[in-house]
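File shown: run.cif (mmCIF, C-alpha atoms).
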```cif
data_upload
loop_
_atom_site.label_atom_id
_atom_site.label_comp_id
_atom_site.auth_asym_id
_atom_site.auth_seq_id
_atom_site.Cartn_x
_atom_site.Cartn_y
_atom_site.Cartn_z
CA MET A 559 -14.13 5.23 11.85
CA LEU A 560 -12.73 2.26 9.96
CA PRO A 561 -14.24 -1.21 10.51
CA THR A 562 -12.65 -3.47 13.13
CA ALA A 563 -11.91 -6.09 10.47
CA MET A 564 -9.50 -3.61 8.83
CA LEU A 565 -8.01 -2.22 12.02
CA ASP A 566 -7.30 -5.63 13.55
CA ALA A 567 -5.85 -7.20 10.40
CA GLU A 568 -2.16 -7.83 9.78
CA ARG A 569 -2.34 -7.74 5.97
CA VAL A 570 -4.89 -5.65 4.04
CA LEU A 571 -5.27 -5.23 0.27
CA ILE A 572 -7.38 -2.34 -1.04
CA VAL A 573 -8.70 -3.02 -4.54
CA GLY A 574 -10.74 -0.74 -6.75
CA PRO A 575 -10.90 1.28 -9.97
CA HIS A 576 -9.29 4.65 -10.64
CA LEU A 577 -10.40 7.53 -8.36
CA SER A 578 -12.55 5.30 -6.15
CA GLY A 579 -10.95 6.26 -2.82
CA LYS A 580 -8.20 3.65 -2.47
CA ARG A 581 -5.51 6.15 -1.42
CA GLN A 582 -7.83 7.80 1.09
CA LEU A 583 -8.45 4.48 2.84
CA PHE A 584 -4.78 3.51 2.51
CA HIS A 585 -3.52 6.60 4.33
CA SER A 586 -6.35 6.56 6.87
CA LEU A 587 -5.56 2.96 7.82
CA LEU A 588 -1.81 3.59 8.03
CA GLY A 589 -2.37 6.67 10.16
CA THR A 590 -4.64 4.74 12.51
CA TRP A 591 -2.16 1.90 12.85
CA ALA A 592 0.95 3.98 13.54
CA THR A 593 2.37 7.51 13.54
CA ARG A 594 5.61 6.35 11.88
CA PRO A 595 4.62 4.30 8.80
CA VAL A 596 6.99 3.15 6.07
CA VAL A 597 5.47 3.64 2.61
CA THR A 598 6.82 2.20 -0.63
CA ALA A 599 5.62 4.56 -3.37
CA THR A 600 5.65 3.21 -6.92
CA ARG A 601 3.49 5.80 -8.71
CA ARG A 602 4.06 9.16 -6.96
CA ASP A 603 7.20 10.78 -5.59
CA ALA A 604 7.94 11.09 -1.87
CA ASP A 605 6.76 14.70 -1.50
CA ARG A 606 3.37 13.96 -3.02
CA VAL A 607 2.86 10.79 -0.98
CA ARG A 608 3.84 12.60 2.21
CA SER A 609 1.41 15.43 1.39
CA GLU A 610 -1.41 12.94 0.76
CA HIS A 611 -0.70 11.22 4.05
CA ASP A 612 -0.57 14.48 6.01
CA ARG A 613 -4.05 15.42 4.77
CA VAL A 614 -5.70 12.42 6.42
CA ALA A 615 -3.34 11.34 9.22
CA ASP A 616 -1.12 12.74 11.95
CA ALA A 617 2.27 11.73 10.58
CA ASP A 618 5.33 11.73 12.81
CA GLY A 619 8.36 10.74 10.81
CA ILE A 620 6.76 8.88 7.89
CA VAL A 621 9.47 7.27 5.74
CA VAL A 622 8.83 7.02 2.00
CA ILE A 623 10.72 4.65 -0.29
CA ASP A 624 10.46 6.65 -3.51
CA CYS A 625 10.53 4.42 -6.61
CA VAL A 626 9.71 7.26 -9.01
CA SER A 627 12.27 10.07 -8.65
CA SER A 628 15.18 7.90 -9.77
CA LEU A 629 13.49 7.58 -13.17
CA HIS A 630 13.76 11.36 -13.68
CA GLU A 631 16.81 12.37 -11.64
CA ARG A 632 20.32 10.95 -11.95
CA ASP A 633 21.04 11.07 -8.22
CA PRO A 634 17.97 12.08 -6.16
CA ALA A 635 18.76 13.37 -2.69
CA GLU A 636 18.07 11.12 0.27
CA THR A 637 17.08 12.14 3.78
CA PRO A 638 16.22 10.15 6.92
CA GLN A 639 12.57 10.32 5.77
CA THR A 640 13.09 9.66 2.04
CA LYS A 641 14.92 6.70 0.53
CA HIS A 642 15.14 5.90 -3.17
CA ALA A 643 14.85 2.68 -5.14
CA ALA A 644 15.78 2.21 -8.78
CA GLY A 645 12.29 2.41 -10.26
CA PRO A 646 9.17 0.20 -10.15
CA GLY A 647 10.78 -2.23 -12.57
CA ASN A 648 13.53 -3.25 -10.13
CA LEU A 649 11.88 -5.46 -7.51
CA THR A 650 15.25 -6.54 -6.12
CA ASP A 651 16.33 -2.98 -5.37
CA ILE A 652 12.94 -2.08 -3.90
CA GLY A 653 13.08 -5.15 -1.68
CA THR A 654 16.63 -4.40 -0.55
CA THR A 655 15.77 -0.79 0.26
CA PHE A 656 12.65 -1.85 2.13
CA THR A 657 14.60 -4.37 4.20
CA SER A 658 17.24 -1.80 5.15
CA VAL A 659 14.58 0.75 6.18
CA LEU A 660 12.69 -1.84 8.22
CA ASP A 661 15.89 -3.01 9.94
CA ALA A 662 16.77 0.58 10.87
CA ARG A 663 13.36 1.09 12.50
CA SER A 664 13.10 -2.27 14.26
CA GLU A 665 12.85 -0.63 17.68
CA GLN A 666 9.91 1.57 16.69
CA THR A 667 6.21 0.82 16.39
CA ILE A 668 5.45 1.15 12.69
CA ALA A 669 3.11 0.11 9.92
CA VAL A 670 3.97 -0.66 6.30
CA GLY A 671 2.25 0.43 3.10
CA VAL A 672 2.75 -0.18 -0.62
CA THR A 673 1.01 2.18 -3.01
CA SER A 674 0.55 0.80 -5.53
CA LEU A 675 1.22 -2.78 -6.69
CA SER A 676 -0.18 -2.02 -10.15
CA PRO A 677 2.94 -0.24 -11.54
CA LEU A 678 5.04 -3.24 -10.49
CA LEU A 679 2.82 -5.46 -12.63
CA MET A 680 3.51 -3.23 -15.64
CA TYR A 681 7.22 -4.06 -15.47
CA SER A 682 7.46 -7.56 -13.99
CA PRO A 683 5.63 -10.89 -14.38
CA ALA A 684 2.76 -11.43 -11.96
CA GLU A 685 4.60 -14.35 -10.34
CA ASP A 686 7.54 -12.09 -9.46
CA VAL A 687 5.27 -9.38 -8.06
CA TYR A 688 3.45 -12.04 -6.04
CA ARG A 689 6.73 -13.25 -4.52
CA PHE A 690 7.80 -9.67 -3.79
CA THR A 691 4.45 -8.89 -2.14
CA ARG A 692 4.58 -12.04 -0.05
CA LEU A 693 8.13 -11.22 1.08
CA VAL A 694 7.18 -7.66 2.09
CA ALA A 695 4.16 -8.95 4.02
CA GLN A 696 6.23 -11.60 5.80
CA GLN A 697 8.99 -9.17 6.72
CA ALA A 698 6.55 -6.60 8.02
CA THR A 699 4.47 -8.96 10.13
CA SER A 700 7.61 -10.61 11.52
CA GLU A 701 8.38 -7.17 13.00
CA ASP A 702 4.79 -6.88 14.30
CA ALA A 703 4.08 -4.23 11.66
CA PRO A 704 0.74 -4.52 9.84
CA VAL A 705 0.86 -3.97 6.09
CA VAL A 706 -1.59 -2.47 3.59
CA ALA A 707 -1.26 -2.29 -0.20
CA THR A 708 -3.40 -0.98 -3.05
CA LEU A 709 -4.21 -2.48 -6.45
CA LYS A 710 -6.19 -1.10 -9.38
CA SER A 711 -9.01 -3.46 -10.28
CA ASP A 712 -9.66 -2.18 -13.79
CA VAL A 713 -6.25 -2.82 -15.36
CA HIS A 714 -5.42 -6.44 -14.42
CA ASP A 715 -7.13 -9.66 -15.45
CA GLU A 716 -8.95 -11.77 -12.88
CA GLN A 717 -6.23 -14.43 -12.65
CA VAL A 718 -3.53 -11.88 -11.85
CA GLU A 719 -5.71 -10.11 -9.31
CA HIS A 720 -6.54 -13.40 -7.61
CA MET A 721 -2.84 -14.27 -7.36
CA ILE A 722 -1.88 -10.92 -5.83
CA ARG A 723 -4.68 -11.17 -3.27
CA GLU A 724 -3.35 -14.41 -1.78
CA PRO A 725 -0.89 -13.01 0.82
CA PHE A 726 -3.58 -10.77 2.36
CA GLU A 727 -6.08 -11.81 5.01
CA VAL A 728 -8.49 -8.92 4.43
CA MET A 729 -9.55 -7.36 1.14
CA VAL A 730 -11.20 -3.95 0.91
CA GLU A 731 -13.11 -3.19 -2.29
CA THR A 732 -13.79 0.38 -3.39
CA ARG A 733 -16.17 1.76 -6.00
CA VAL A 734 -17.54 5.04 -7.31
CA GLY A 735 -21.09 5.21 -5.99
CA GLU A 736 -23.94 7.53 -6.94
CA ASP A 737 -23.26 9.76 -3.93
CA GLY A 738 -19.48 9.39 -3.77
CA ASN A 739 -16.83 6.76 -3.22
CA GLU A 740 -17.75 3.67 -1.20
CA PHE A 741 -16.02 0.64 0.27
CA ARG A 742 -16.77 -2.76 1.75
CA VAL A 743 -14.59 -5.26 3.59
CA ARG A 744 -14.11 -8.97 2.86
CA SER A 745 -12.69 -10.99 5.75
CA ARG A 746 -13.12 -14.31 7.51
CA GLU A 747 -16.19 -12.85 9.18
CA GLY A 748 -17.85 -12.26 5.81
CA VAL A 749 -18.58 -9.21 3.67
CA THR A 750 -19.75 -5.86 5.03
CA GLU A 751 -22.29 -3.58 3.41
CA TRP A 752 -21.05 -0.79 1.15
CA GLN A 753 -20.39 2.39 3.14
CA PRO A 754 -19.19 5.88 2.19
CA ILE A 755 -15.53 6.86 2.24
CA ASP A 756 -14.99 10.01 4.28
CA PRO A 757 -13.67 12.55 1.74
CA SER A 758 -11.83 14.62 4.36
#
```
Can you turn what I pasted into structure tokens?
Amino acid sequence: MLPTAMLDAERVLIVGPHLSGKRQLFHSLLGTWATRPVVTATRRDADRVRSEHDRVADADGIVVIDCVSSLHERDPAETPQTKHAAGPGNLTDIGTTFTSVLDARSEQTIAVGVTSLSPLLMYSPAEDVYRFTRLVAQQATSEDAPVVATLKSDVHDEQVEHMIREPFEVMVETRVGEDGNEFRVRSREGVTEWQPIDPS
């Protein structure tokens, strides 16, 4: 069971090093929020993201905005559940695709996820990624859709990480503990103790 501070939040950022359980928490939170999430995928293709989500959540029509396949395929096929953007280096195209998907699902109860923000920072200045992240968060919450994103903590300097955190009200930190992956939650109520991430 995820902490109330995560479940009740509108904007959550999950930050941690490689293989520390960020994606597990990301999909668990999305699946708890809604059965029809919209996920912007910047590191893995739609099939892999959908498979990861299905392992931890009961998905019912998850839509994936795939920012990866267009880098390898000239004209990747689209379906009602898979839309494509022109790679993690094109924030404008990702934003346009996200807006169109959100508009098409405005009558449905959804949640929004971005996994991960780190590839965007490889291609674009931190200020541009910050503006993009803030726009996504504003658009989602204006439709009453909570949003969660992930960020690798071991590849960005402290100033960049601090900037990207700003649009989020709750931050979840993950780490590799002695007995497995762990997380804690930072919110207005304070900081929780470290607790294990369910590996299932």
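Atom CA of Ala669 of chain A to atom CA of Thr654 of chain A spans 17.7 Å [interatomic distance, one decimal].
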Can you pull out the residues contacting segment 604-613 of chain A? Cut-off 7 Å, using all atoms listed in the file, and skip same-chain residues under 2 positions away; I want them as a PDB file with C-alpha atoms, in the coordinates of the input.
```
ATOM      1  CA  HIS A 585      -3.520   6.600   4.330  1.00  0.00           C
ATOM      2  CA  ARG A 602       4.060   9.160  -6.960  1.00  0.00           C
ATOM      3  CA  ALA A 615      -3.340  11.340   9.220  1.00  0.00           C
ATOM      4  CA  ASP A 616      -1.120  12.740  11.950  1.00  0.00           C
ATOM      5  CA  ALA A 617       2.270  11.730  10.580  1.00  0.00           C
ATOM      6  CA  VAL A 622       8.830   7.020   2.000  1.00  0.00           C
ATOM      7  CA  ASP A 624      10.460   6.650  -3.510  1.00  0.00           C
ATOM      8  CA  THR A 640      13.090   9.660   2.040  1.00  0.00           C
TER       9      THR A 640
END
```
Problem - Distance in Å - atom CA of Thr655 of chain A versus atom CA of Asp633 of chain A - result: 15.5 Å
Exercise for the section: Rank nothing, just name the residue among A:Thr590, A:Ser700, A:Arg733, A:Thr708 nearest to Asp566 of chain A, using all atoms listed in the file. Expected result: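 Selected residue with least distance to Asp566 of chain A: A:Thr590.
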Could you give me the centre and size, in Å to one decimal, of an axis-aligned box around all listed atoms of segment 612-630 of chain A with 6 Å added on every side, as lines of an AutoDock Vina configuration file?
```
center_x = 4.7
center_y = 9.9
center_z = -0.4
size_x = 32.9
size_y = 23.0
size_z = 38.5
```
Practice task
Could you state which residues are captured by the PyMOL selection byres ((chain A and resi 742-753) around 10) in this file, as a VMD selection string?
Solution key: chain A and resid 561 to 564 567 570 to 572 726 to 733 735 738 to 741 754 to 756
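With distances taken over all atoms listed in the file, A:Val596 is the one residue among A:Val626, A:Leu588, A:Val596, A:Ile722 lying closest to Asp661 of chain A.
You can rank A:Leu679, A:Leu660, A:Leu629, A:Val672 by their closest distance to Asp715 of chain A using only C-alpha atoms, and at the top of that list sits A:Leu679.
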Exercise for the section: Identify all residues satisfying the PyMOL selection byres ((chain A and resi 642) around 12) in the given file; provide them as a VMD selection string. Expected result: chain A and resid 597 to 600 603 to 604 621 to 641 643 to 646 648 651 to 656 658 to 659
Exercise for the section: Provide the atom CA of Pro575 of chain A to atom CA of Val687 of chain A distance in Å, to one decimal place. Expected result: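 Between atom CA of Pro575 of chain A and atom CA of Val687 of chain A the gap is 19.5 Å.
The nearest approach to Arg581 of chain A among the residues A:Thr650, A:Thr667, A:Ser674, A:Thr593, with only C-alpha atoms taken into account, belongs to A:Ser674.
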Practice task
For Glu701 of chain A, list every protein, DNA or RNA residue within 12 Å, evaluated using only C-alpha atoms, and leave out those in the same chain fewer than 6 positions away; present the list as a count of residues only.
Solution key: 15
Handout entry: Which of A:Leu587, A:Ala684, A:Met721, A:Val734 sits closest to Gly671 of chain A [using all atoms listed in the file]
Key = A:Leu587
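Of the listed residues A:His576, A:Arg692, A:Arg601, A:Arg594, the one whose atoms come nearest to Arg723 of chain A is A:Arg692, with distances taken using all atoms listed in the file.
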Would you mind writing segment 724-735 of chain A with all heavy atoms, as a JSON list (two decimals), keeping the file's coordinate frame?
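Done, and the output landed in result01.json:
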```json
[["chain", "number", "residue", "atom", "x", "y", "z"],
["A", 724, "GLU", "N", -3.59, -13.26, -2.65],
["A", 724, "GLU", "CA", -3.35, -14.41, -1.78],
["A", 724, "GLU", "C", -2.62, -14.10, -0.47],
["A", 724, "GLU", "O", -2.99, -14.63, 0.59],
["A", 724, "GLU", "CB", -2.60, -15.49, -2.57],
["A", 724, "GLU", "CG", -2.58, -16.86, -1.89],
["A", 724, "GLU", "CD", -1.46, -16.97, -0.88],
["A", 724, "GLU", "OE1", -0.43, -16.28, -1.04],
["A", 724, "GLU", "OE2", -1.61, -17.75, 0.08],
["A", 725, "PRO", "N", -1.58, -13.24, -0.45],
["A", 725, "PRO", "CA", -0.89, -13.01, 0.82],
["A", 725, "PRO", "C", -1.69, -12.20, 1.85],
["A", 725, "PRO", "O", -1.25, -12.06, 3.00],
["A", 725, "PRO", "CB", 0.36, -12.22, 0.40],
["A", 725, "PRO", "CG", 0.52, -12.45, -1.07],
["A", 725, "PRO", "CD", -0.88, -12.58, -1.58],
["A", 726, "PHE", "N", -2.84, -11.68, 1.48],
["A", 726, "PHE", "CA", -3.58, -10.77, 2.36],
["A", 726, "PHE", "C", -4.76, -11.48, 3.01],
["A", 726, "PHE", "O", -5.46, -12.26, 2.37],
["A", 726, "PHE", "CB", -4.07, -9.56, 1.56],
["A", 726, "PHE", "CG", -2.95, -8.75, 0.97],
["A", 726, "PHE", "CD1", -2.49, -9.02, -0.32],
["A", 726, "PHE", "CD2", -2.34, -7.74, 1.69],
["A", 726, "PHE", "CE1", -1.44, -8.29, -0.87],
["A", 726, "PHE", "CE2", -1.30, -7.01, 1.15],
["A", 726, "PHE", "CZ", -0.85, -7.28, -0.12],
["A", 727, "GLU", "N", -4.99, -11.18, 4.27],
["A", 727, "GLU", "CA", -6.08, -11.81, 5.01],
["A", 727, "GLU", "C", -7.40, -11.05, 4.87],
["A", 727, "GLU", "O", -8.47, -11.63, 5.04],
["A", 727, "GLU", "CB", -5.72, -11.94, 6.49],
["A", 727, "GLU", "CG", -5.50, -10.60, 7.19],
["A", 727, "GLU", "CD", -5.05, -10.77, 8.61],
["A", 727, "GLU", "OE1", -5.85, -11.27, 9.42],
["A", 727, "GLU", "OE2", -3.90, -10.40, 8.91],
["A", 728, "VAL", "N", -7.30, -9.75, 4.57],
["A", 728, "VAL", "CA", -8.49, -8.92, 4.43],
["A", 728, "VAL", "C", -8.41, -8.17, 3.11],
["A", 728, "VAL", "O", -7.34, -7.63, 2.76],
["A", 728, "VAL", "CB", -8.62, -7.92, 5.61],
["A", 728, "VAL", "CG1", -9.70, -6.87, 5.32],
["A", 728, "VAL", "CG2", -8.93, -8.66, 6.90],
["A", 729, "MET", "N", -9.51, -8.14, 2.38],
["A", 729, "MET", "CA", -9.55, -7.36, 1.14],
["A", 729, "MET", "C", -10.63, -6.29, 1.27],
["A", 729, "MET", "O", -11.75, -6.58, 1.69],
["A", 729, "MET", "CB", -9.85, -8.23, -0.07],
["A", 729, "MET", "CG", -9.74, -7.46, -1.38],
["A", 729, "MET", "SD", -10.01, -8.48, -2.83],
["A", 729, "MET", "CE", -11.76, -8.77, -2.70],
["A", 730, "VAL", "N", -10.27, -5.08, 0.92],
["A", 730, "VAL", "CA", -11.20, -3.95, 0.91],
["A", 730, "VAL", "C", -11.47, -3.58, -0.54],
["A", 730, "VAL", "O", -10.54, -3.33, -1.31],
["A", 730, "VAL", "CB", -10.63, -2.74, 1.67],
["A", 730, "VAL", "CG1", -11.60, -1.58, 1.63],
["A", 730, "VAL", "CG2", -10.30, -3.13, 3.11],
["A", 731, "GLU", "N", -12.73, -3.56, -0.92],
["A", 731, "GLU", "CA", -13.11, -3.19, -2.29],
["A", 731, "GLU", "C", -13.67, -1.77, -2.28],
["A", 731, "GLU", "O", -14.43, -1.40, -1.38],
["A", 731, "GLU", "CB", -14.18, -4.15, -2.81],
["A", 731, "GLU", "CG", -13.72, -5.59, -2.89],
["A", 731, "GLU", "CD", -14.86, -6.54, -3.23],
["A", 731, "GLU", "OE1", -15.98, -6.35, -2.69],
["A", 731, "GLU", "OE2", -14.65, -7.47, -4.02],
["A", 732, "THR", "N", -13.27, -0.98, -3.26],
["A", 732, "THR", "CA", -13.79, 0.38, -3.39],
["A", 732, "THR", "C", -14.53, 0.52, -4.72],
["A", 732, "THR", "O", -14.28, -0.22, -5.67],
["A", 732, "THR", "CB", -12.67, 1.43, -3.32],
["A", 732, "THR", "OG1", -11.76, 1.24, -4.43],
["A", 732, "THR", "CG2", -11.89, 1.33, -2.02],
["A", 733, "ARG", "N", -15.44, 1.47, -4.76],
["A", 733, "ARG", "CA", -16.17, 1.76, -6.00],
["A", 733, "ARG", "C", -16.63, 3.22, -5.99],
["A", 733, "ARG", "O", -16.66, 3.87, -4.94],
["A", 733, "ARG", "CB", -17.39, 0.84, -6.15],
["A", 733, "ARG", "CG", -18.52, 1.13, -5.18],
["A", 733, "ARG", "CD", -19.70, 0.19, -5.39],
["A", 733, "ARG", "NE", -20.83, 0.54, -4.51],
["A", 733, "ARG", "CZ", -21.96, -0.16, -4.44],
["A", 733, "ARG", "NH1", -22.13, -1.24, -5.22],
["A", 733, "ARG", "NH2", -22.94, 0.22, -3.63],
["A", 734, "VAL", "N", -16.97, 3.70, -7.17],
["A", 734, "VAL", "CA", -17.54, 5.04, -7.31],
["A", 734, "VAL", "C", -19.05, 4.89, -7.26],
["A", 734, "VAL", "O", -19.66, 4.37, -8.20],
["A", 734, "VAL", "CB", -17.09, 5.70, -8.62],
["A", 734, "VAL", "CG1", -17.70, 7.09, -8.75],
["A", 734, "VAL", "CG2", -15.58, 5.76, -8.70],
["A", 735, "GLY", "N", -19.66, 5.32, -6.15],
["A", 735, "GLY", "CA", -21.09, 5.21, -5.99],
["A", 735, "GLY", "C", -21.81, 6.44, -6.51],
["A", 735, "GLY", "O", -21.21, 7.43, -6.93]]
```
